[in-house]
$ cat structure.pdb   # PDB, N, CA and C atoms
ATOM      1  N   MET A1103       5.890  -0.647  -4.055  1.00  0.00           N
ATOM      2  CA  MET A1103       5.950   0.133  -5.274  1.00  0.00           C
ATOM      3  C   MET A1103       7.125   1.090  -5.168  1.00  0.00           C
ATOM      4  N   GLY A1104       7.974   1.093  -6.154  1.00  0.00           N
ATOM      5  CA  GLY A1104       9.135   1.963  -6.142  1.00  0.00           C
ATOM      6  C   GLY A1104       8.860   3.287  -6.827  1.00  0.00           C
ATOM      7  N   LEU A1105       9.643   4.260  -6.474  1.00  0.00           N
ATOM      8  CA  LEU A1105       9.541   5.582  -7.076  1.00  0.00           C
ATOM      9  C   LEU A1105      10.917   5.972  -7.580  1.00  0.00           C
ATOM     10  N   ASP A1106      10.980   6.422  -8.813  1.00  0.00           N
ATOM     11  CA  ASP A1106      12.235   6.855  -9.413  1.00  0.00           C
ATOM     12  C   ASP A1106      12.914   7.882  -8.500  1.00  0.00           C
ATOM     13  N   LYS A1107      14.205   7.711  -8.248  1.00  0.00           N
ATOM     14  CA  LYS A1107      14.930   8.601  -7.334  1.00  0.00           C
ATOM     15  C   LYS A1107      14.935  10.047  -7.798  1.00  0.00           C
ATOM     16  N   ASP A1108      15.070  10.276  -9.094  1.00  0.00           N
ATOM     17  CA  ASP A1108      15.067  11.651  -9.613  1.00  0.00           C
ATOM     18  C   ASP A1108      13.711  12.307  -9.411  1.00  0.00           C
ATOM     19  N   LEU A1109      12.647  11.564  -9.686  1.00  0.00           N
ATOM     20  CA  LEU A1109      11.301  12.114  -9.486  1.00  0.00           C
ATOM     21  C   LEU A1109      11.041  12.366  -8.008  1.00  0.00           C
ATOM     22  N   SER A1110      11.477  11.464  -7.160  1.00  0.00           N
ATOM     23  CA  SER A1110      11.314  11.645  -5.722  1.00  0.00           C
ATOM     24  C   SER A1110      12.005  12.920  -5.245  1.00  0.00           C
ATOM     25  N   LYS A1111      13.212  13.163  -5.743  1.00  0.00           N
ATOM     26  CA  LYS A1111      13.957  14.362  -5.371  1.00  0.00           C
ATOM     27  C   LYS A1111      13.224  15.619  -5.842  1.00  0.00           C
ATOM     28  N   LYS A1112      12.727  15.600  -7.090  1.00  0.00           N
ATOM     29  CA  LYS A1112      11.978  16.737  -7.621  1.00  0.00           C
ATOM     30  C   LYS A1112      10.731  17.022  -6.784  1.00  0.00           C
ATOM     31  N   ILE A1113      10.028  15.973  -6.404  1.00  0.00           N
ATOM     32  CA  ILE A1113       8.812  16.135  -5.593  1.00  0.00           C
ATOM     33  C   ILE A1113       9.155  16.732  -4.241  1.00  0.00           C
ATOM     34  N   ASN A1114      10.179  16.213  -3.590  1.00  0.00           N
ATOM     35  CA  ASN A1114      10.564  16.717  -2.272  1.00  0.00           C
ATOM     36  C   ASN A1114      10.995  18.179  -2.317  1.00  0.00           C
ATOM     37  N   LEU A1115      11.750  18.560  -3.332  1.00  0.00           N
ATOM     38  CA  LEU A1115      12.180  19.952  -3.458  1.00  0.00           C
ATOM     39  C   LEU A1115      11.001  20.869  -3.779  1.00  0.00           C
ATOM     40  N   ALA A1116      10.171  20.456  -4.713  1.00  0.00           N
ATOM     41  CA  ALA A1116       9.046  21.284  -5.142  1.00  0.00           C
ATOM     42  C   ALA A1116       7.965  21.400  -4.073  1.00  0.00           C
ATOM     43  N   ALA A1117       7.846  20.405  -3.212  1.00  0.00           N
ATOM     44  CA  ALA A1117       6.819  20.427  -2.168  1.00  0.00           C
ATOM     45  C   ALA A1117       7.011  21.597  -1.213  1.00  0.00           C
ATOM     46  N   ASN A1118       8.211  22.102  -1.120  1.00  0.00           N
ATOM     47  CA  ASN A1118       8.502  23.210  -0.210  1.00  0.00           C
ATOM     48  C   ASN A1118       8.546  24.566  -0.908  1.00  0.00           C
ATOM     49  N   THR A1119       8.115  24.613  -2.171  1.00  0.00           N
ATOM     50  CA  THR A1119       8.134  25.877  -2.896  1.00  0.00           C
ATOM     51  C   THR A1119       6.774  26.554  -2.846  1.00  0.00           C
ATOM     52  N   LYS A1120       6.790  27.863  -3.041  1.00  0.00           N
ATOM     53  CA  LYS A1120       5.561  28.641  -3.048  1.00  0.00           C
ATOM     54  C   LYS A1120       4.635  28.134  -4.152  1.00  0.00           C
ATOM     55  N   GLY A1121       3.372  27.983  -3.842  1.00  0.00           N
ATOM     56  CA  GLY A1121       2.392  27.516  -4.815  1.00  0.00           C
ATOM     57  C   GLY A1121       2.037  26.053  -4.658  1.00  0.00           C
ATOM     58  N   SER A1122       2.880  25.302  -3.977  1.00  0.00           N
ATOM     59  CA  SER A1122       2.578  23.900  -3.701  1.00  0.00           C
ATOM     60  C   SER A1122       1.789  23.829  -2.402  1.00  0.00           C
ATOM     61  N   TYR A1123       0.886  22.885  -2.328  1.00  0.00           N
ATOM     62  CA  TYR A1123       0.104  22.764  -1.108  1.00  0.00           C
ATOM     63  C   TYR A1123      -0.279  21.313  -0.876  1.00  0.00           C
ATOM     64  N   TYR A1124      -0.713  21.033   0.340  1.00  0.00           N
ATOM     65  CA  TYR A1124      -1.076  19.670   0.705  1.00  0.00           C
ATOM     66  C   TYR A1124      -2.205  19.679   1.718  1.00  0.00           C
ATOM     67  N   THR A1125      -2.840  18.564   1.824  1.00  0.00           N
ATOM     68  CA  THR A1125      -3.842  18.322   2.847  1.00  0.00           C
ATOM     69  C   THR A1125      -3.701  16.876   3.275  1.00  0.00           C
ATOM     70  N   GLY A1126      -4.064  16.595   4.478  1.00  0.00           N
ATOM     71  CA  GLY A1126      -3.925  15.227   4.948  1.00  0.00           C
ATOM     72  C   GLY A1126      -4.899  14.889   6.058  1.00  0.00           C
ATOM     73  N   HIS A1127      -5.136  13.618   6.192  1.00  0.00           N
ATOM     74  CA  HIS A1127      -5.964  13.091   7.264  1.00  0.00           C
ATOM     75  C   HIS A1127      -5.576  11.636   7.464  1.00  0.00           C
ATOM     76  N   HIS A1128      -6.280  10.935   8.340  1.00  0.00           N
ATOM     77  CA  HIS A1128      -5.843   9.581   8.679  1.00  0.00           C
ATOM     78  C   HIS A1128      -5.908   8.603   7.501  1.00  0.00           C
ATOM     79  N   GLU A1129      -6.720   8.875   6.472  1.00  0.00           N
ATOM     80  CA  GLU A1129      -6.777   7.975   5.321  1.00  0.00           C
ATOM     81  C   GLU A1129      -5.637   8.176   4.335  1.00  0.00           C
ATOM     82  N   GLY A1130      -5.056   9.383   4.288  1.00  0.00           N
ATOM     83  CA  GLY A1130      -3.973   9.615   3.338  1.00  0.00           C
ATOM     84  C   GLY A1130      -3.617  11.081   3.220  1.00  0.00           C
ATOM     85  N   GLN A1131      -2.737  11.376   2.301  1.00  0.00           N
ATOM     86  CA  GLN A1131      -2.267  12.742   2.067  1.00  0.00           C
ATOM     87  C   GLN A1131      -2.378  13.056   0.582  1.00  0.00           C
ATOM     88  N   LEU A1132      -2.693  14.318   0.293  1.00  0.00           N
ATOM     89  CA  LEU A1132      -2.756  14.795  -1.075  1.00  0.00           C
ATOM     90  C   LEU A1132      -1.794  15.964  -1.194  1.00  0.00           C
ATOM     91  N   LEU A1133      -0.885  15.881  -2.150  1.00  0.00           N
ATOM     92  CA  LEU A1133       0.115  16.912  -2.385  1.00  0.00           C
ATOM     93  C   LEU A1133      -0.040  17.395  -3.820  1.00  0.00           C
ATOM     94  N   VAL A1134      -0.207  18.708  -4.010  1.00  0.00           N
ATOM     95  CA  VAL A1134      -0.369  19.293  -5.337  1.00  0.00           C
ATOM     96  C   VAL A1134       0.832  20.191  -5.620  1.00  0.00           C
ATOM     97  N   ILE A1135       1.515  19.936  -6.736  1.00  0.00           N
ATOM     98  CA  ILE A1135       2.694  20.703  -7.132  1.00  0.00           C
ATOM     99  C   ILE A1135       2.435  21.247  -8.539  1.00  0.00           C
ATOM    100  N   PRO A1136       1.813  22.421  -8.624  1.00  0.00           N
ATOM    101  CA  PRO A1136       1.445  22.959  -9.933  1.00  0.00           C
ATOM    102  C   PRO A1136       2.617  23.181 -10.891  1.00  0.00           C
ATOM    103  N   ASN A1137       3.768  23.639 -10.387  1.00  0.00           N
ATOM    104  CA  ASN A1137       4.872  23.934 -11.306  1.00  0.00           C
ATOM    105  C   ASN A1137       5.453  22.677 -11.956  1.00  0.00           C
ATOM    106  N   LEU A1138       5.192  21.504 -11.396  1.00  0.00           N
ATOM    107  CA  LEU A1138       5.612  20.245 -12.025  1.00  0.00           C
ATOM    108  C   LEU A1138       4.444  19.540 -12.712  1.00  0.00           C
ATOM    109  N   GLY A1139       3.223  20.039 -12.495  1.00  0.00           N
ATOM    110  CA  GLY A1139       2.048  19.372 -13.049  1.00  0.00           C
ATOM    111  C   GLY A1139       1.797  18.025 -12.405  1.00  0.00           C
ATOM    112  N   ILE A1140       2.080  17.945 -11.096  1.00  0.00           N
ATOM    113  CA  ILE A1140       1.989  16.662 -10.387  1.00  0.00           C
ATOM    114  C   ILE A1140       1.005  16.765  -9.219  1.00  0.00           C
ATOM    115  N   VAL A1141       0.198  15.714  -9.068  1.00  0.00           N
ATOM    116  CA  VAL A1141      -0.627  15.518  -7.882  1.00  0.00           C
ATOM    117  C   VAL A1141      -0.215  14.175  -7.310  1.00  0.00           C
ATOM    118  N   VAL A1142       0.110  14.147  -6.020  1.00  0.00           N
ATOM    119  CA  VAL A1142       0.544  12.930  -5.357  1.00  0.00           C
ATOM    120  C   VAL A1142      -0.481  12.569  -4.289  1.00  0.00           C
ATOM    121  N   TYR A1143      -0.986  11.362  -4.339  1.00  0.00           N
ATOM    122  CA  TYR A1143      -1.860  10.854  -3.279  1.00  0.00           C
ATOM    123  C   TYR A1143      -1.144   9.697  -2.631  1.00  0.00           C
ATOM    124  N   SER A1144      -0.976   9.761  -1.338  1.00  0.00           N
ATOM    125  CA  SER A1144      -0.307   8.663  -0.627  1.00  0.00           C
ATOM    126  C   SER A1144      -1.186   8.196   0.520  1.00  0.00           C
ATOM    127  N   TYR A1145      -1.070   6.909   0.829  1.00  0.00           N
ATOM    128  CA  TYR A1145      -1.862   6.351   1.908  1.00  0.00           C
ATOM    129  C   TYR A1145      -1.133   5.152   2.505  1.00  0.00           C
ATOM    130  N   MET A1146      -1.533   4.810   3.709  1.00  0.00           N
ATOM    131  CA  MET A1146      -0.991   3.633   4.384  1.00  0.00           C
ATOM    132  C   MET A1146      -2.082   2.573   4.373  1.00  0.00           C
ATOM    133  N   ASP A1147      -1.701   1.364   4.081  1.00  0.00           N
ATOM    134  CA  ASP A1147      -2.664   0.268   4.024  1.00  0.00           C
ATOM    135  C   ASP A1147      -2.667  -0.502   5.310  1.00  0.00           C
TER     136      ASP A1147
END
$ encode --input "structure.pdb" --output "structure tokens"
Amino acid sequence: MGLDKDLSKKINLAANTKGSYYTGHHEGQLLVIPNLGIVVYSYMD
């Protein structure tokens, strides 16, 4: 599954800003970026 390069860049930059947070464990990771209105769930199959 591909991810738009512009969106990927926005997510990476915003992930390091105040107010963004994440949690993770062996099943996957959850990243919440309130200023973009985005929740990202990633996992390895």
$ atom_distance --input "structure.pdb" --atom1 "atom C of Asn1118 in chain A" --atom2 "atom C of Asn1137 in chain A"
11.6 Å
$ select_by_dssp --input "structure.pdb" --residues "chain A" --states "strand (DSSP E)" --output "MDAnalysis selection string"
chainID A and resid 1123:1127 1130:1135 1140:1144
$ atom_distance --input "structure.pdb" --atom1 "atom N of Lys1120 in chain A" --atom2 "atom N of Asp1147 in chain A"
28.7 Å
$ atom_distance --input "structure.pdb" --atom1 "CA of Asp1108 in chain A" --atom2 "CA of His1128 in chain A"
27.9 Å
$ select_by_dssp --input "structure.pdb" --residues "chain A" --states "helix (DSSP H, G or I)" --output "MDAnalysis selection string"
chainID A and resid 1107:1116 1136:1138
$ write_last_selection --input "structure.pdb" --atoms "N, CA and C atoms" --output "short mmCIF file (atom, residue, chain, number, x, y, z; two decimals), in the coordinates of the input"
data_model
loop_
_atom_site.label_atom_id
_atom_site.label_comp_id
_atom_site.auth_asym_id
_atom_site.auth_seq_id
_atom_site.Cartn_x
_atom_site.Cartn_y
_atom_site.Cartn_z
N LYS A 1107 14.20 7.71 -8.25
CA LYS A 1107 14.93 8.60 -7.33
C LYS A 1107 14.94 10.05 -7.80
N ASP A 1108 15.07 10.28 -9.09
CA ASP A 1108 15.07 11.65 -9.61
C ASP A 1108 13.71 12.31 -9.41
N LEU A 1109 12.65 11.56 -9.69
CA LEU A 1109 11.30 12.11 -9.49
C LEU A 1109 11.04 12.37 -8.01
N SER A 1110 11.48 11.46 -7.16
CA SER A 1110 11.31 11.64 -5.72
C SER A 1110 12.00 12.92 -5.24
N LYS A 1111 13.21 13.16 -5.74
CA LYS A 1111 13.96 14.36 -5.37
C LYS A 1111 13.22 15.62 -5.84
N LYS A 1112 12.73 15.60 -7.09
CA LYS A 1112 11.98 16.74 -7.62
C LYS A 1112 10.73 17.02 -6.78
N ILE A 1113 10.03 15.97 -6.40
CA ILE A 1113 8.81 16.14 -5.59
C ILE A 1113 9.15 16.73 -4.24
N ASN A 1114 10.18 16.21 -3.59
CA ASN A 1114 10.56 16.72 -2.27
C ASN A 1114 11.00 18.18 -2.32
N LEU A 1115 11.75 18.56 -3.33
CA LEU A 1115 12.18 19.95 -3.46
C LEU A 1115 11.00 20.87 -3.78
N ALA A 1116 10.17 20.46 -4.71
CA ALA A 1116 9.05 21.28 -5.14
C ALA A 1116 7.96 21.40 -4.07
N PRO A 1136 1.81 22.42 -8.62
CA PRO A 1136 1.44 22.96 -9.93
C PRO A 1136 2.62 23.18 -10.89
N ASN A 1137 3.77 23.64 -10.39
CA ASN A 1137 4.87 23.93 -11.31
C ASN A 1137 5.45 22.68 -11.96
N LEU A 1138 5.19 21.50 -11.40
CA LEU A 1138 5.61 20.24 -12.02
C LEU A 1138 4.44 19.54 -12.71
#
